[in-house]
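With TSV, C-alpha atoms and all ligand atoms inside, this is coords.tsv:
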```tsv
chain	number	residue	atom	x	y	z
A	24	MET	CA	5.35	-17.41	9.68
A	25	ARG	CA	1.71	-18.58	9.51
A	26	VAL	CA	-0.97	-15.92	9.97
A	27	PRO	CA	-4.57	-17.18	9.98
A	28	LEU	CA	-7.58	-14.99	9.24
A	29	VAL	CA	-9.42	-16.40	12.27
A	30	ASP	CA	-8.33	-18.68	15.10
A	31	LEU	CA	-11.43	-19.98	16.87
A	32	ARG	CA	-9.49	-22.74	18.57
A	33	ALA	CA	-7.08	-20.28	20.21
A	34	GLN	CA	-10.07	-18.21	21.35
A	35	TYR	CA	-11.74	-21.27	22.87
A	36	LEU	CA	-8.57	-22.41	24.65
A	37	SER	CA	-8.12	-18.95	26.21
A	38	LEU	CA	-11.51	-19.38	27.95
A	39	LYS	CA	-11.75	-23.17	28.06
A	40	GLU	CA	-12.60	-23.54	31.75
A	41	THR	CA	-15.33	-20.91	31.78
A	42	ILE	CA	-16.91	-22.13	28.56
A	43	ASP	CA	-16.77	-25.81	29.53
A	44	ALA	CA	-18.37	-25.03	32.90
A	45	ALA	CA	-21.13	-23.02	31.22
A	46	ILE	CA	-21.89	-25.87	28.82
A	47	THR	CA	-21.89	-28.44	31.62
A	48	HIS	CA	-24.27	-26.28	33.64
A	49	VAL	CA	-26.78	-26.21	30.79
A	50	CYS	CA	-26.48	-30.00	30.34
A	51	GLU	CA	-27.07	-30.57	34.04
A	52	THR	CA	-30.08	-28.28	34.27
A	53	ALA	CA	-31.32	-29.72	30.94
A	54	CYS	CA	-33.13	-26.49	30.13
A	55	PHE	CA	-32.14	-26.45	26.49
A	56	ILE	CA	-34.78	-24.04	25.20
A	57	ASP	CA	-35.56	-20.67	26.79
A	58	GLY	CA	-33.11	-21.29	29.65
A	59	GLU	CA	-31.77	-18.74	32.10
A	60	ALA	CA	-28.70	-18.00	29.93
A	61	VAL	CA	-30.93	-16.85	27.07
A	62	HIS	CA	-32.68	-14.22	29.22
A	63	LYS	CA	-29.42	-13.06	30.76
A	64	LEU	CA	-27.75	-12.74	27.36
A	65	GLU	CA	-30.72	-10.87	25.91
A	66	SER	CA	-30.63	-8.24	28.64
A	67	GLU	CA	-26.83	-7.89	28.65
A	68	ILE	CA	-26.53	-7.51	24.87
A	69	ALA	CA	-29.48	-5.10	24.79
A	70	ALA	CA	-27.80	-2.99	27.50
A	71	LEU	CA	-24.43	-2.82	25.76
A	72	SER	CA	-26.13	-1.99	22.45
A	73	GLY	CA	-28.35	0.79	23.81
A	74	ALA	CA	-31.68	-1.04	23.33
A	75	ARG	CA	-34.49	-1.76	25.78
A	76	PHE	CA	-35.22	-5.21	24.36
A	77	GLY	CA	-33.13	-8.08	23.00
A	78	ILE	CA	-34.75	-11.17	21.52
A	79	GLY	CA	-32.49	-14.14	20.81
A	80	VAL	CA	-33.21	-16.00	17.57
A	81	ALA	CA	-31.68	-18.86	15.59
A	82	SER	CA	-29.44	-16.82	13.24
A	83	GLY	CA	-28.66	-13.34	12.02
A	84	THR	CA	-30.63	-14.06	8.87
A	85	ASP	CA	-33.70	-15.01	10.92
A	86	ALA	CA	-33.20	-11.84	12.97
A	87	LEU	CA	-33.45	-9.84	9.72
A	88	VAL	CA	-36.55	-11.71	8.54
A	89	LEU	CA	-38.32	-11.40	11.90
A	90	ALA	CA	-37.36	-7.73	12.27
A	91	LEU	CA	-38.65	-6.93	8.77
A	92	ARG	CA	-41.94	-8.72	9.46
A	93	ALA	CA	-42.33	-7.10	12.87
A	94	CYS	CA	-41.90	-3.72	11.13
A	95	GLY	CA	-44.75	-4.66	8.81
A	96	ILE	CA	-42.65	-5.12	5.65
A	97	GLY	CA	-44.10	-7.53	3.09
A	98	PRO	CA	-45.19	-8.02	-0.52
A	99	GLY	CA	-45.33	-4.83	-2.59
A	100	ASP	CA	-42.93	-2.96	-0.32
A	101	GLU	CA	-39.51	-1.66	-1.33
A	102	VAL	CA	-36.57	-1.74	1.06
A	103	ILE	CA	-33.43	0.26	0.33
A	104	THR	CA	-30.15	-1.55	1.01
A	105	THR	CA	-26.58	-2.02	-0.20
A	106	PRO	CA	-25.37	-4.32	-3.00
A	107	PHE	CA	-22.02	-4.81	-1.19
A	108	THR	CA	-22.76	-7.00	1.84
A	109	PHE	CA	-23.22	-10.60	2.86
A	110	GLY	CA	-26.14	-12.10	0.91
A	111	ALA	CA	-28.36	-12.48	3.99
A	112	THR	CA	-29.25	-8.79	4.00
A	113	SER	CA	-31.07	-8.68	0.66
A	114	GLU	CA	-32.09	-12.33	0.95
A	115	ALA	CA	-34.16	-11.44	4.03
A	116	ILE	CA	-35.94	-8.69	2.08
A	117	MET	CA	-36.81	-11.23	-0.64
A	118	LEU	CA	-37.88	-13.82	1.97
A	119	VAL	CA	-40.56	-11.51	3.36
A	120	GLY	CA	-41.81	-10.91	-0.19
A	121	ALA	CA	-40.54	-7.35	-0.48
A	122	ARG	CA	-38.23	-5.87	-3.10
A	123	PRO	CA	-34.62	-4.84	-2.40
A	124	VAL	CA	-33.70	-1.50	-3.96
A	125	PHE	CA	-29.94	-1.16	-4.10
A	126	VAL	CA	-27.97	2.05	-3.57
A	127	ASP	CA	-24.24	2.33	-4.32
A	128	ILE	CA	-21.61	2.45	-1.59
A	129	ASP	CA	-19.02	4.93	-0.41
A	130	LEU	CA	-15.68	3.40	-1.46
A	131	CYS	CA	-13.90	4.86	1.54
A	132	THR	CA	-16.00	3.13	4.24
A	133	PHE	CA	-17.67	0.42	2.06
A	134	ASN	CA	-21.00	1.41	3.64
A	135	ILE	CA	-24.10	2.51	1.73
A	136	ASP	CA	-23.64	6.05	0.39
A	137	VAL	CA	-26.28	7.83	2.47
A	138	SER	CA	-26.24	10.86	0.14
A	139	ARG	CA	-27.67	8.66	-2.66
A	140	ILE	CA	-30.55	7.17	-0.66
A	141	GLU	CA	-33.13	9.90	-1.31
A	142	GLN	CA	-33.00	9.52	-5.09
A	143	ALA	CA	-33.91	5.82	-4.70
A	144	ILE	CA	-37.05	6.50	-2.66
A	145	THR	CA	-40.38	5.81	-4.42
A	146	PRO	CA	-43.99	5.81	-3.17
A	147	ARG	CA	-43.50	2.08	-2.41
A	148	THR	CA	-40.43	2.55	-0.21
A	149	ARG	CA	-41.22	1.42	3.32
A	150	ALA	CA	-37.86	0.92	5.00
A	151	LEU	CA	-34.10	1.40	4.95
A	152	LEU	CA	-31.90	-1.60	5.68
A	153	PRO	CA	-28.31	-0.32	5.86
A	154	VAL	CA	-25.40	-2.52	6.99
A	155	ASP	CA	-22.67	-1.46	9.43
A	156	LEU	CA	-20.16	-3.20	7.18
A	157	PHE	CA	-16.88	-4.57	8.54
A	158	GLY	CA	-17.66	-3.02	11.96
A	159	GLN	CA	-18.27	0.67	11.19
A	160	MET	CA	-21.67	2.25	11.84
A	161	VAL	CA	-23.52	4.01	9.02
A	162	ASP	CA	-24.29	7.62	9.98
A	163	ARG	CA	-27.28	7.26	12.29
A	164	GLY	CA	-28.19	10.96	12.31
A	165	GLN	CA	-28.50	11.11	8.51
A	166	LEU	CA	-30.42	7.81	8.36
A	167	GLN	CA	-32.86	9.00	11.01
A	168	GLU	CA	-33.39	12.31	9.22
A	169	ILE	CA	-34.28	10.53	5.94
A	170	CYS	CA	-36.62	8.12	7.75
A	171	ARG	CA	-38.34	10.98	9.51
A	172	ARG	CA	-38.79	12.97	6.30
A	173	TYR	CA	-40.21	10.07	4.26
A	174	ASN	CA	-41.88	8.14	7.09
A	175	LEU	CA	-39.76	5.02	6.65
A	176	LYS	CA	-38.82	2.24	9.05
A	177	LEU	CA	-35.14	1.92	9.91
A	178	ILE	CA	-33.79	-1.60	10.34
A	179	ILE	CA	-30.04	-1.88	10.82
A	180	ASP	CA	-27.93	-4.92	9.98
A	181	ALA	CA	-25.26	-4.68	12.67
A	182	ALA	CA	-24.20	-8.35	12.31
A	183	GLN	CA	-20.57	-7.24	11.99
A	184	ALA	CA	-20.63	-4.32	14.40
A	185	ILE	CA	-21.34	-5.49	17.95
A	186	GLY	CA	-19.67	-3.01	20.32
A	187	ALA	CA	-19.27	-0.24	17.72
A	188	LYS	CA	-20.11	3.36	18.62
A	189	GLN	CA	-20.69	6.67	16.87
A	190	ARG	CA	-20.39	9.97	18.75
A	191	GLY	CA	-21.44	8.15	21.92
A	192	LEU	CA	-24.35	6.40	20.20
A	193	ARG	CA	-24.43	2.62	20.43
A	194	ILE	CA	-25.55	0.36	17.57
A	195	ALA	CA	-29.19	-0.12	18.58
A	196	GLU	CA	-29.96	3.27	20.08
A	197	THR	CA	-31.55	4.60	16.87
A	198	GLY	CA	-33.92	2.97	14.40
A	199	ASP	CA	-36.85	0.61	14.76
A	200	ALA	CA	-34.81	-2.59	14.99
A	201	THR	CA	-31.16	-3.59	14.85
A	202	ILE	CA	-29.97	-7.13	14.24
A	203	LEU	CA	-26.92	-9.12	15.32
A	204	SER	CA	-25.46	-12.44	14.21
A	205	PHE	CA	-23.50	-14.78	16.47
A	206	TYR	CA	-22.05	-16.84	13.63
A	207	PRO	CA	-18.80	-18.33	15.04
A	208	THR	CA	-16.44	-15.91	13.26
A	209	LYS	CA	-18.30	-12.73	14.22
A	210	ASN	CA	-16.71	-10.44	16.85
A	211	LEU	CA	-18.87	-12.29	19.40
A	212	GLY	CA	-19.41	-15.79	18.05
A	213	ALA	CA	-21.34	-18.83	19.28
A	214	PHE	CA	-20.46	-22.49	18.72
A	215	GLY	CA	-22.96	-22.64	15.89
A	216	ASP	CA	-25.66	-20.32	14.58
A	217	GLY	CA	-27.43	-17.61	16.56
A	218	GLY	CA	-28.73	-14.07	16.26
A	219	MET	CA	-30.64	-11.32	18.03
A	220	VAL	CA	-33.16	-8.60	17.31
A	221	LEU	CA	-32.64	-5.40	19.32
A	222	THR	CA	-35.32	-2.75	19.62
A	223	ASN	CA	-36.60	0.07	21.81
A	224	ASP	CA	-40.18	-0.55	20.65
A	225	ALA	CA	-42.22	-2.78	22.99
A	226	GLU	CA	-44.62	-3.75	20.22
A	227	ILE	CA	-41.87	-4.82	17.80
A	228	ALA	CA	-40.25	-6.79	20.64
A	229	ALA	CA	-43.52	-8.59	21.40
A	230	THR	CA	-44.09	-9.39	17.72
A	231	VAL	CA	-40.57	-10.82	17.30
A	232	ARG	CA	-41.06	-12.91	20.46
A	233	ARG	CA	-44.26	-14.35	18.95
A	234	LEU	CA	-42.75	-14.91	15.50
A	235	ARG	CA	-39.83	-16.95	16.89
A	236	VAL	CA	-42.28	-19.49	18.41
A	237	HIS	CA	-44.67	-20.16	15.52
A	238	GLY	CA	-46.57	-16.93	15.96
A	239	GLN	CA	-48.01	-18.03	19.31
A	240	SER	CA	-49.18	-15.50	21.88
A	241	GLY	CA	-49.50	-18.28	24.48
A	242	TYR	CA	-49.11	-22.02	24.17
A	243	GLY	CA	-51.43	-23.27	21.43
A	244	HIS	CA	-52.73	-19.79	20.57
A	245	TYR	CA	-51.57	-18.92	17.07
A	246	GLU	CA	-51.81	-15.27	16.03
A	247	VAL	CA	-49.76	-15.33	12.79
A	248	ILE	CA	-47.66	-17.76	10.78
A	249	GLY	CA	-44.23	-17.75	12.41
A	250	TYR	CA	-41.04	-19.77	12.64
A	251	THR	CA	-39.04	-22.09	14.88
A	252	SER	CA	-36.30	-19.60	15.54
A	253	ARG	CA	-35.04	-19.59	19.10
A	254	LEU	CA	-31.52	-19.07	20.37
A	255	ASP	CA	-30.48	-22.34	22.09
A	256	THR	CA	-29.59	-22.11	25.78
A	257	LEU	CA	-26.26	-23.81	25.01
A	258	GLN	CA	-25.35	-21.10	22.50
A	259	ALA	CA	-26.47	-18.37	24.90
A	260	ALA	CA	-24.31	-19.91	27.65
A	261	VAL	CA	-21.24	-19.95	25.38
A	262	LEU	CA	-21.91	-16.34	24.35
A	263	LEU	CA	-22.31	-15.25	27.98
A	264	ALA	CA	-19.00	-16.90	28.86
A	265	LYS	CA	-17.30	-14.94	26.06
A	266	LEU	CA	-19.13	-11.63	26.55
A	267	PRO	CA	-16.85	-10.19	29.29
A	268	MET	CA	-14.00	-10.35	26.75
A	269	LEU	CA	-15.79	-8.51	23.94
A	270	GLU	CA	-14.49	-5.02	24.70
A	271	GLU	CA	-10.91	-6.22	25.04
A	272	TRP	CA	-11.22	-8.25	21.84
A	273	ASN	CA	-12.58	-5.27	19.93
A	274	GLU	CA	-9.74	-3.13	21.35
A	275	GLY	CA	-7.27	-5.78	20.14
A	276	ARG	CA	-8.72	-5.55	16.62
A	277	ARG	CA	-8.47	-1.75	16.76
A	278	GLN	CA	-4.83	-1.90	17.85
A	279	HIS	CA	-3.95	-4.22	14.97
A	280	ALA	CA	-5.82	-1.91	12.58
A	281	ALA	CA	-3.94	1.12	13.92
A	282	LEU	CA	-0.63	-0.70	13.40
A	283	TYR	CA	-1.56	-1.52	9.79
A	284	GLN	CA	-2.52	2.11	9.32
A	285	THR	CA	0.97	3.17	10.42
A	286	LEU	CA	2.92	0.47	8.60
A	287	LEU	CA	1.05	0.80	5.29
A	288	ALA	CA	0.30	4.53	5.27
A	289	ASP	CA	2.75	5.58	2.56
A	290	THR	CA	2.03	2.73	0.14
A	291	SER	CA	-0.17	2.27	-2.92
A	292	VAL	CA	-2.72	0.09	-1.11
A	293	THR	CA	-5.90	1.92	-0.15
A	294	LEU	CA	-6.57	1.53	3.55
A	295	PRO	CA	-10.09	1.40	5.02
A	296	GLY	CA	-11.44	4.82	5.95
A	297	THR	CA	-13.11	5.75	9.22
A	298	GLU	CA	-15.63	8.58	9.32
A	299	PRO	CA	-15.02	11.06	12.15
A	300	GLY	CA	-16.75	10.11	15.39
A	301	ASN	CA	-16.80	6.38	14.69
A	302	TYR	CA	-15.49	3.69	17.01
A	303	HIS	CA	-14.82	1.03	14.35
A	304	VAL	CA	-14.66	-2.57	15.66
A	305	TYR	CA	-12.92	-4.02	12.57
A	306	HIS	CA	-14.84	-7.21	12.03
A	307	GLN	CA	-12.69	-7.12	8.90
A	308	TYR	CA	-9.68	-4.99	8.00
A	309	THR	CA	-10.22	-4.52	4.30
A	310	ILE	CA	-7.68	-2.96	1.95
A	311	ARG	CA	-7.97	-2.25	-1.78
A	312	HIS	CA	-5.46	-2.76	-4.56
A	313	PRO	CA	-5.86	-3.04	-8.37
A	314	GLN	CA	-3.68	-6.21	-8.40
A	315	ARG	CA	-5.72	-7.78	-5.63
A	316	ASP	CA	-5.50	-11.39	-6.91
A	317	THR	CA	-1.71	-11.39	-7.30
A	318	LEU	CA	-1.35	-9.70	-3.91
A	319	GLN	CA	-3.51	-12.41	-2.36
A	320	ALA	CA	-1.44	-15.17	-4.02
A	321	HIS	CA	1.76	-13.51	-2.77
A	322	LEU	CA	0.42	-13.40	0.80
A	323	GLN	CA	-0.64	-17.05	0.61
A	324	GLN	CA	2.86	-18.05	-0.56
A	325	HIS	CA	4.19	-16.41	2.58
A	326	GLY	CA	1.74	-18.13	4.92
A	327	VAL	CA	-0.70	-15.23	5.30
A	328	ASP	CA	-4.41	-16.02	4.92
A	329	SER	CA	-6.74	-13.42	3.44
A	330	LYS	CA	-10.22	-13.43	1.96
A	331	VAL	CA	-12.29	-11.46	-0.51
A	332	PHE	CA	-15.38	-10.03	1.19
A	333	TYR	CA	-17.22	-9.83	-1.21
A	334	PRO	CA	-16.30	-11.31	-4.60
A	335	GLN	CA	-19.53	-10.32	-6.42
A	336	PRO	CA	-22.01	-7.51	-5.88
A	337	LEU	CA	-25.54	-8.72	-5.13
A	338	HIS	CA	-27.50	-6.86	-7.84
A	339	ILE	CA	-26.16	-8.98	-10.73
A	340	GLN	CA	-26.59	-12.39	-9.09
A	341	PRO	CA	-29.26	-14.93	-10.14
A	342	PRO	CA	-31.69	-14.52	-7.18
A	343	TYR	CA	-32.09	-10.84	-8.09
A	344	ALA	CA	-32.36	-11.24	-11.86
A	345	SER	CA	-36.05	-10.30	-11.84
A	346	LEU	CA	-35.19	-6.87	-10.38
A	347	GLY	CA	-33.63	-5.81	-13.69
A	348	TYR	CA	-30.25	-4.53	-12.50
A	349	ARG	CA	-27.19	-4.64	-14.75
A	350	LEU	CA	-23.44	-4.56	-14.38
A	351	GLY	CA	-22.50	-0.89	-14.34
A	352	ASP	CA	-25.42	0.20	-12.16
A	353	PHE	CA	-23.28	0.52	-9.00
A	354	PRO	CA	-19.71	1.32	-10.05
A	355	HIS	CA	-18.34	1.73	-6.52
A	356	ALA	CA	-19.71	-1.59	-5.26
A	357	GLU	CA	-18.51	-3.30	-8.44
A	358	ARG	CA	-15.04	-1.80	-8.13
A	359	ALA	CA	-14.89	-2.87	-4.49
A	360	THR	CA	-15.57	-6.50	-5.44
A	361	ARG	CA	-12.58	-6.38	-7.83
A	362	GLU	CA	-10.15	-4.68	-5.45
A	363	VAL	CA	-10.91	-5.60	-1.84
A	364	LEU	CA	-8.90	-7.96	0.33
A	365	SER	CA	-9.51	-8.60	4.02
A	366	ILE	CA	-6.30	-9.31	5.91
A	367	PRO	CA	-5.86	-10.84	9.39
A	368	VAL	CA	-6.99	-8.56	12.23
A	369	VAL	CA	-8.39	-10.90	14.93
A	370	PRO	CA	-7.36	-10.13	18.52
A	371	GLU	CA	-5.59	-13.48	18.92
A	372	LEU	CA	-2.80	-12.28	16.57
A	373	THR	CA	0.49	-11.03	17.99
A	374	THR	CA	2.07	-7.69	17.06
A	375	GLU	CA	4.82	-9.65	15.27
A	376	GLN	CA	2.22	-11.35	13.07
A	377	VAL	CA	0.64	-8.02	12.13
A	378	GLU	CA	4.09	-6.56	11.37
A	379	TYR	CA	4.85	-9.62	9.26
A	380	VAL	CA	1.63	-9.23	7.22
A	381	ALA	CA	2.44	-5.55	6.61
A	382	ALA	CA	6.02	-6.47	5.59
A	383	CYS	CA	4.70	-9.10	3.14
A	384	ILE	CA	2.41	-6.48	1.57
A	385	ARG	CA	5.28	-3.99	1.32
A	386	ASN	CA	7.62	-6.42	-0.39
A	387	PHE	CA	4.86	-7.33	-2.85
A	388	LEU	CA	4.45	-3.63	-3.67
A	389	ASP	CA	8.23	-3.14	-4.00
A	390	SER	CA	8.54	-5.95	-6.52
A	391	ASN	CA	5.51	-4.96	-8.65
B	1	LIG	C1	-23.21	-12.72	9.27
B	1	LIG	C2	-24.10	-11.73	8.66
B	1	LIG	C3	-25.50	-11.87	8.66
B	1	LIG	C4	-26.27	-13.01	9.27
B	1	LIG	O1	-25.66	-14.20	9.17
B	1	LIG	P1	-26.16	-15.55	9.89
B	1	LIG	O2	-25.12	-16.48	9.36
B	1	LIG	O3	-27.51	-15.85	9.42
B	1	LIG	O4	-26.08	-15.38	11.36
B	1	LIG	C5	-26.25	-10.85	8.11
B	1	LIG	N1	-25.69	-9.77	7.60
B	1	LIG	C6	-24.35	-9.59	7.57
B	1	LIG	C7	-23.81	-8.33	7.02
B	1	LIG	C8	-23.51	-10.57	8.08
B	1	LIG	O5	-22.20	-10.37	8.05
```
So, in terms of C-alpha cells, how does the structure I just supplied come out?
Amino acid sequence: MRVPLVDLRAQYLSLKETIDAAITHVCETACFIDGEAVHKLESEIAALSGARFGIGVASGTDALVLALRACGIGPGDEVITTPFTFGATSEAIMLVGARPVFVDIDLCTFNIDVSRIEQAITPRTRALLPVDLFGQMVDRGQLQEICRRYNLKLIIDAAQAIGAKQRGLRIAETGDATILSFYPTKNLGAFGDGGMVLTNDAEIAATVRRLRVHGQSGYGHYEVIGYTSRLDTLQAAVLLAKLPMLEEWNEGRRQHAALYQTLLADTSVTLPGTEPGNYHVYHQYTIRHPQRDTLQAHLQQHGVDSKVFYPQPLHIQPPYASLGYRLGDFPHAERATREVLSIPVVPELTTEQVEYVAACIRNFLDSN
C-alpha cells in the first residue's frame, strides 16, 4: 500500500468545480490585486480566528516580518522564540534587525517551554514570538501573564495552527498579532504562497496595511519603507473555495491522530502529547523514537512516506553563528531533531491507510 504524507492533487480534485469556477471568475473580472476575494477572505479568516482584523500578505514569512515591524521591533531588540521550528520564525526576527533569543522546548508538545521564558528575559527583550507547532496552541494565559508582567509584545506564529482552539480561545484572540501561512501543504493551503496577519489592534492593522504596499498611506504618499507583499486575488479565491472544508479537514486529521493514539499506545514510540484544554489540529502527527532513521527507512520500504520536521535545531545553524549558541544549549530541542518523525495524517487518507501505517510501525518495533 502507498501512503503519501500529503496529497494536494486529491484535495484539488475533491473541490475541482468550485475551485475552477473561482479562478475563472477572477480571470474574467481581471481584478488580480486587492480584489473582492481578498477582502472576503480577510474577514472570514479573522472571524474564525477570533481577531477583528485580517490583512492578507504574500507569505507567512512576510506576515511575520510585517507583524514584527508593526509592533515596533527592530535593531537592538531581543525577541524570545523557539529553536525547534521552521526557519522562517527566527529568520523574520533577523530580517527586522532584532536578535532571536532561543528558549528550549517541552518534549511532550514540541512547543516552547513557557516555564523557561522568564529566565531568558533581559532589559532588551521587547517581544515573545512563540510557535503553535504542529497545530497545538502554546498556553495563551501563561504567555499573556508574562507579557503583562514584563511589558512585552506578543506575536504568535500560528502558521501550522489555523482552526486550533484552547479552552474556547481561538488562535488570534490573545496577543498583539498572530500570523498564518497559506503555503500549499498547510491545513488551509493556496496554490502558491500566501499569508495573513491577524490582530485586534486597529493601529497594528493599519501599519501592516501600509507596509504591504510600500509603506504608502495613500497612492504616492510614502510614510515608511515597506514591501510589495499583497495576497493575490487568485490565491484568495482558491482559499475561499477551500475554506468551507477547513473544519471537516481538521476533524479528519484529529480522527487519524486518535486512531494512531489507540493503535500505538502500548508501544515504545513516544506519541505527541496534548495539553489539557487544547483542540489540536495536527498539521503534523509527530512521533519520537531513538532509532528514527531505521524506522523511517522501514516505512519507506513499505510504501509509507514520512518526514523529519525538523532535522536541525536553529541555534547552531550558520545564519545564527553570531549569536554565540552552542550544541548542548537546548537539550530538548536537540533531542527532538534526532528522534522526531512526522507520519501521514492528512484528511485525504483512509482509515485503512492509517491502520496500515500503524501496523508497519508495530512490525518494525517487533523486529528490533
Ligand atoms: C510555513 C511556516 C511559516 C511561513 O512560511 P511561508 O512559506 O513563508 O508561508 C512560518 N512559520 C512556521 C512555523 C511555518 O510552518
Protein and nucleic acid residues near (-39.8, -2.4, 3.7) (cut-off 7 Å, all atoms listed in the file) as a list in words: Leu91, Ile96, Gly97, Asp100, Glu101, Val102, Ala121, Thr148, Arg149, Ala150 and Leu151 of chain A
At most 7 Å from ligand LIG 1 (chain B) (all atoms listed in the file): residue list as a VMD selection string: chain A and resid 82 to 85 108 to 109 111 to 112 154 156 180 to 183 204 to 206 209 216 to 218
Polymer residues at most 12 Å from region 284-301 of chain A, all atoms listed in the file, same-chain spacing of 6 or more positions, as a ChimeraX atom specification: /A:129-134,155-164,184,186-194,277-278,307-315,318,359,362-366,368,374,377-389,391
Serialized selection, C-alpha atoms, as a PDB file, in the coordinates of the input:
```pdb
ATOM      1  CA  ASP A 129     -19.020   4.930  -0.410  1.00  0.00           C
ATOM      2  CA  LEU A 130     -15.680   3.400  -1.460  1.00  0.00           C
ATOM      3  CA  CYS A 131     -13.900   4.860   1.540  1.00  0.00           C
ATOM      4  CA  THR A 132     -16.000   3.130   4.240  1.00  0.00           C
ATOM      5  CA  PHE A 133     -17.670   0.420   2.060  1.00  0.00           C
ATOM      6  CA  ASN A 134     -21.000   1.410   3.640  1.00  0.00           C
ATOM      7  CA  ASP A 155     -22.670  -1.460   9.430  1.00  0.00           C
ATOM      8  CA  LEU A 156     -20.160  -3.200   7.180  1.00  0.00           C
ATOM      9  CA  PHE A 157     -16.880  -4.570   8.540  1.00  0.00           C
ATOM     10  CA  GLY A 158     -17.660  -3.020  11.960  1.00  0.00           C
ATOM     11  CA  GLN A 159     -18.270   0.670  11.190  1.00  0.00           C
ATOM     12  CA  MET A 160     -21.670   2.250  11.840  1.00  0.00           C
ATOM     13  CA  VAL A 161     -23.520   4.010   9.020  1.00  0.00           C
ATOM     14  CA  ASP A 162     -24.290   7.620   9.980  1.00  0.00           C
ATOM     15  CA  ARG A 163     -27.280   7.260  12.290  1.00  0.00           C
ATOM     16  CA  GLY A 164     -28.190  10.960  12.310  1.00  0.00           C
ATOM     17  CA  ALA A 184     -20.630  -4.320  14.400  1.00  0.00           C
ATOM     18  CA  GLY A 186     -19.670  -3.010  20.320  1.00  0.00           C
ATOM     19  CA  ALA A 187     -19.270  -0.240  17.720  1.00  0.00           C
ATOM     20  CA  LYS A 188     -20.110   3.360  18.620  1.00  0.00           C
ATOM     21  CA  GLN A 189     -20.690   6.670  16.870  1.00  0.00           C
ATOM     22  CA  ARG A 190     -20.390   9.970  18.750  1.00  0.00           C
ATOM     23  CA  GLY A 191     -21.440   8.150  21.920  1.00  0.00           C
ATOM     24  CA  LEU A 192     -24.350   6.400  20.200  1.00  0.00           C
ATOM     25  CA  ARG A 193     -24.430   2.620  20.430  1.00  0.00           C
ATOM     26  CA  ILE A 194     -25.550   0.360  17.570  1.00  0.00           C
ATOM     27  CA  ARG A 277      -8.470  -1.750  16.760  1.00  0.00           C
ATOM     28  CA  GLN A 278      -4.830  -1.900  17.850  1.00  0.00           C
ATOM     29  CA  GLN A 307     -12.690  -7.120   8.900  1.00  0.00           C
ATOM     30  CA  TYR A 308      -9.680  -4.990   8.000  1.00  0.00           C
ATOM     31  CA  THR A 309     -10.220  -4.520   4.300  1.00  0.00           C
ATOM     32  CA  ILE A 310      -7.680  -2.960   1.950  1.00  0.00           C
ATOM     33  CA  ARG A 311      -7.970  -2.250  -1.780  1.00  0.00           C
ATOM     34  CA  HIS A 312      -5.460  -2.760  -4.560  1.00  0.00           C
ATOM     35  CA  PRO A 313      -5.860  -3.040  -8.370  1.00  0.00           C
ATOM     36  CA  GLN A 314      -3.680  -6.210  -8.400  1.00  0.00           C
ATOM     37  CA  ARG A 315      -5.720  -7.780  -5.630  1.00  0.00           C
ATOM     38  CA  LEU A 318      -1.350  -9.700  -3.910  1.00  0.00           C
ATOM     39  CA  ALA A 359     -14.890  -2.870  -4.490  1.00  0.00           C
ATOM     40  CA  GLU A 362     -10.150  -4.680  -5.450  1.00  0.00           C
ATOM     41  CA  VAL A 363     -10.910  -5.600  -1.840  1.00  0.00           C
ATOM     42  CA  LEU A 364      -8.900  -7.960   0.330  1.00  0.00           C
ATOM     43  CA  SER A 365      -9.510  -8.600   4.020  1.00  0.00           C
ATOM     44  CA  ILE A 366      -6.300  -9.310   5.910  1.00  0.00           C
ATOM     45  CA  VAL A 368      -6.990  -8.560  12.230  1.00  0.00           C
ATOM     46  CA  THR A 374       2.070  -7.690  17.060  1.00  0.00           C
ATOM     47  CA  VAL A 377       0.640  -8.020  12.130  1.00  0.00           C
ATOM     48  CA  GLU A 378       4.090  -6.560  11.370  1.00  0.00           C
ATOM     49  CA  TYR A 379       4.850  -9.620   9.260  1.00  0.00           C
ATOM     50  CA  VAL A 380       1.630  -9.230   7.220  1.00  0.00           C
ATOM     51  CA  ALA A 381       2.440  -5.550   6.610  1.00  0.00           C
ATOM     52  CA  ALA A 382       6.020  -6.470   5.590  1.00  0.00           C
ATOM     53  CA  CYS A 383       4.700  -9.100   3.140  1.00  0.00           C
ATOM     54  CA  ILE A 384       2.410  -6.480   1.570  1.00  0.00           C
ATOM     55  CA  ARG A 385       5.280  -3.990   1.320  1.00  0.00           C
ATOM     56  CA  ASN A 386       7.620  -6.420  -0.390  1.00  0.00           C
ATOM     57  CA  PHE A 387       4.860  -7.330  -2.850  1.00  0.00           C
ATOM     58  CA  LEU A 388       4.450  -3.630  -3.670  1.00  0.00           C
ATOM     59  CA  ASP A 389       8.230  -3.140  -4.000  1.00  0.00           C
ATOM     60  CA  ASN A 391       5.510  -4.960  -8.650  1.00  0.00           C
TER      61      ASN A 391
END
```
Atom-to-atom span, CA of Thr360 (chain A) and CA of Ile339 (chain A), Å: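 We find that CA of Thr360 (chain A) and CA of Ile339 (chain A) lie 12.1 Å from each other.
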Close residues, Ala260 (chain A) itself excluded, 9 Å, all atoms listed in the file, min 2 positions apart in chain, as a ChimeraX atom specification: /A:42,45-46,48-49,59-61,64,213,255-258,262-265
Separation of CA of Asn273 (chain A) from CA of Asp127 (chain A) in Å: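 Taking CA of Asp127 (chain A) as the start and CA of Asn273 (chain A) as the end point, the length is 28.0 Å.
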